[in-house]
Structures are given as C-alpha cells and as structure tokens.
Amino acid sequence: MRDCKYSNSVAFINLYSRALNIFMILIIFGTCSLYTHPLCISSADSALMWLTKQVQVDSYAYLPANTKHSMISDEPTTVVIFERRYSAIEDSHPDLIVGSTDKQPLLETLGEVFQLRKLLPTSLSYDFNIHIMDFQPGEYLNVKEVHYNQHGLLLLEGQGIYRLGESWYPVQAGDTIWMAPFVPQWYAALGKTRTRYLLYKDVNRNPLI
C-alpha cells in the first residue's frame with residue numbers, strides 16, 4: 001500500500017513498467033489520473049498514444065507488461081500496487097483493464113453466504129486474479145479452506161478473526177495476511193459493519209513450474 005507524496009500540492013508516481021512485469025493498481029482512498037502508454041510503439045507515434053483515465057475509490061487498473069504508466073493526484077490518495085513478473089504462455093496476451101469493483105458481477109458461492117467478485121477475467125491470458133469478498137457482521141466461512149496456491153490478503157473494511165492452521169488472529173482494516181499453500185484458513189466477521197477484503201491468487205499456471 002502506498003500513500004502519494006506531495007510537491008506543490010500535486011502527487012506524482014512514476015511506474016515505468018519493466019519489460020516482463022505487470023502491475024495491478026487499486027484505489028483505496030482518494031482519486032487520481034492514470035496515464036498509460038505502450039513502450040513498444042515508435043517514437044514518432046509517442047505523443048499520440050497516451051491514454052488518460054480517472055480512477056476513484058474502489059476503482060482499479062490492470063497494466064500488462066511493456067506498459068509505461070504514471071499516476072497524478074491533487075488530493076491525499078492511497079493506492080495498493082501489485083507488481084510481479086508475468087508468466088507468459090503462447091498466443092495469450094492480457095488486455096489493459098480499468099474497472100470499478102462494485103460494477104463487477106456477484107458470483108455464485110455454493111454453500112457460503114459471503115459476496116464474491118473477481119476483478120480480472122478468468123481466461124488463460126491472466127496468471128493471477130484479485131477477489132473481493134464481503135461479509136456482513138456475524139457471517140463466516142462455512143468450511144475450513146485449503147488451497148494449493150499461495151494467497152495474499154488485505155483487509156479493506158471491518159474486523160474479525162482469521163484462522164491460519166491452528167492459530168487464531170484478530171484482524172482489522174489495514175491488516176495484511178500471507179497464506180502459504182495448503183495452510184488451512186477460515187474467517188469470521190465481527191463488529192457492527194461489514195468486512196471487505198481483497199485476496200490475491202495465482203491462477204491458470206502450473207504451480208510446480
């Protein structure tokens with residue numbers, strides 16, 4: 001998570017994409033302008049290819065490898081930035097995506113009561129996904145989950161109890177959790193307001209390669 005630094009009342013973040021790295025940016029607080037530009041075009045076309053998007057709270061952007069990008073904000077803004085090496089497969093090329101969390105459809109969660117949204121397509125072009133999960137006070141996972149892939153979690157709203165293996169942890173908004181593969185996990189929402197957390201998952205790739 002990153003808070004924008006200010007100079008003359010304007011915050012500016014340069015996020016020049018490394019050739020093989022991808023970025024996922026989520027706006028937690030505030031608003032900013034996102035400028036994107038493919039690195040692979042000729043310099044003659046450079047001035048014509050910049051795209052500008054306004055991103056606000058609960059908005060996000062997925063930036064494929066070889067995308068030059070910058071963010072500018074004139075107010076206090078907090079962003080979450082995922083950066084990782086893209087695991088490419090033949091004939092699969094992810095698209096640049098700018099979206100809103102609450103505009104993503106709710107997905108069916110058989111046997112569970114929480115609400116689930118996925119921020120990225122599930123096609124093979126994407127080697128990870130971000131899940132947004134909402135629990136009302138008193139709701140909990142009905143099963144103790146075990147997954148082959150590692151998870152990263154950031155609690156965005158609310159508070160509750162998270163179980164990892166045989167340990168129990170009180171958590172609240174702003175806390176982060178890393179869950180190793182095959183570690184049993186479980187959550188219950190406490191307090192008087194909903195819990196919302198984002199969950200990072202590796203997908204669509206063999207975890208042994």
# chains A, B, ... in the order shown; residues from 1 in each chain; ligands from 1
>>> residues_around(residues="Glu83 (chain A)", least_positions_apart="5", cutoff="8 Å", atoms="only C-alpha atoms", output="PyMOL selection string")
chain A and resi 21-24
>>> residues_around(residues="region 108-110 of chain A", least_positions_apart="3", cutoff="12 Å", atoms="only C-alpha atoms", output="list in words")
Pro105, Val113, Phe114, Gln115, Leu116, Arg117, Lys118, Met133, Asp134, Leu141, Asn142 and Val143 of chain A
>>> residues_around(residues="region 27-35 of chain A", least_positions_apart="4", cutoff="7 Å", atoms="only C-alpha atoms", output="compact mmCIF listing (two decimals) with C-alpha atoms, in the first residue's frame")
# COMPACT_ATOMS: atom_id res chain seq x y z
CA TRP A 50 -1.03 8.39 -24.16
CA LEU A 51 -4.38 7.38 -22.63
CA THR A 52 -5.82 9.07 -19.54
CA LYS A 53 -8.29 7.55 -17.08
CA GLN A 54 -9.76 8.98 -13.88
CA VAL A 55 -9.64 6.35 -11.15
CA GLN A 56 -11.53 6.80 -7.89
CA VAL A 57 -12.15 4.86 -4.68
CA ASP A 58 -12.86 1.18 -5.44
CA SER A 59 -11.50 1.57 -8.98
CA TYR A 60 -8.60 -0.49 -10.28
CA HIS A 69 2.38 4.47 -16.87
CA SER A 70 2.18 7.32 -14.39
CA MET A 71 -0.31 8.48 -11.76
CA ILE A 72 -1.06 12.06 -10.74
CA SER A 73 -3.28 13.20 -7.84
CA GLU A 75 -5.51 15.22 -3.13
CA PRO A 76 -4.46 12.67 -0.48
CA THR A 77 -4.65 9.26 -2.16
CA THR A 78 -3.83 5.74 -1.01
CA VAL A 79 -3.21 3.01 -3.58
CA VAL A 80 -2.38 -0.68 -3.46
>>> closest_residue(among="A:Leu124, A:Ile97, A:Ala188, A:Ala65", to="Asp202 (chain A)", atoms="only C-alpha atoms")
A:Leu124
>>> closest_residue(among="A:Thr195, A:Asn206, A:Gln136, A:Thr101", to="Ala88 (chain A)", atoms="only C-alpha atoms")
A:Asn206
>>> closest_residue(among="A:Leu190, A:Leu20, A:Leu26, A:Val146", to="Gly165 (chain A)", atoms="only C-alpha atoms")
A:Val146
>>> residues_around(residues="Val203 (chain A)", least_positions_apart="2", cutoff="10 Å", atoms="only C-alpha atoms", output="JSON, numbers by chain")
{"A": [122, 123, 124, 126, 127, 128, 129, 149, 150, 200, 201, 205, 206, 207]}
>>> closest_residue(among="A:Lys103, A:Asp95, A:Pro181, A:Asp74", to="Tyr62 (chain A)", atoms="only C-alpha atoms")
A:Asp95
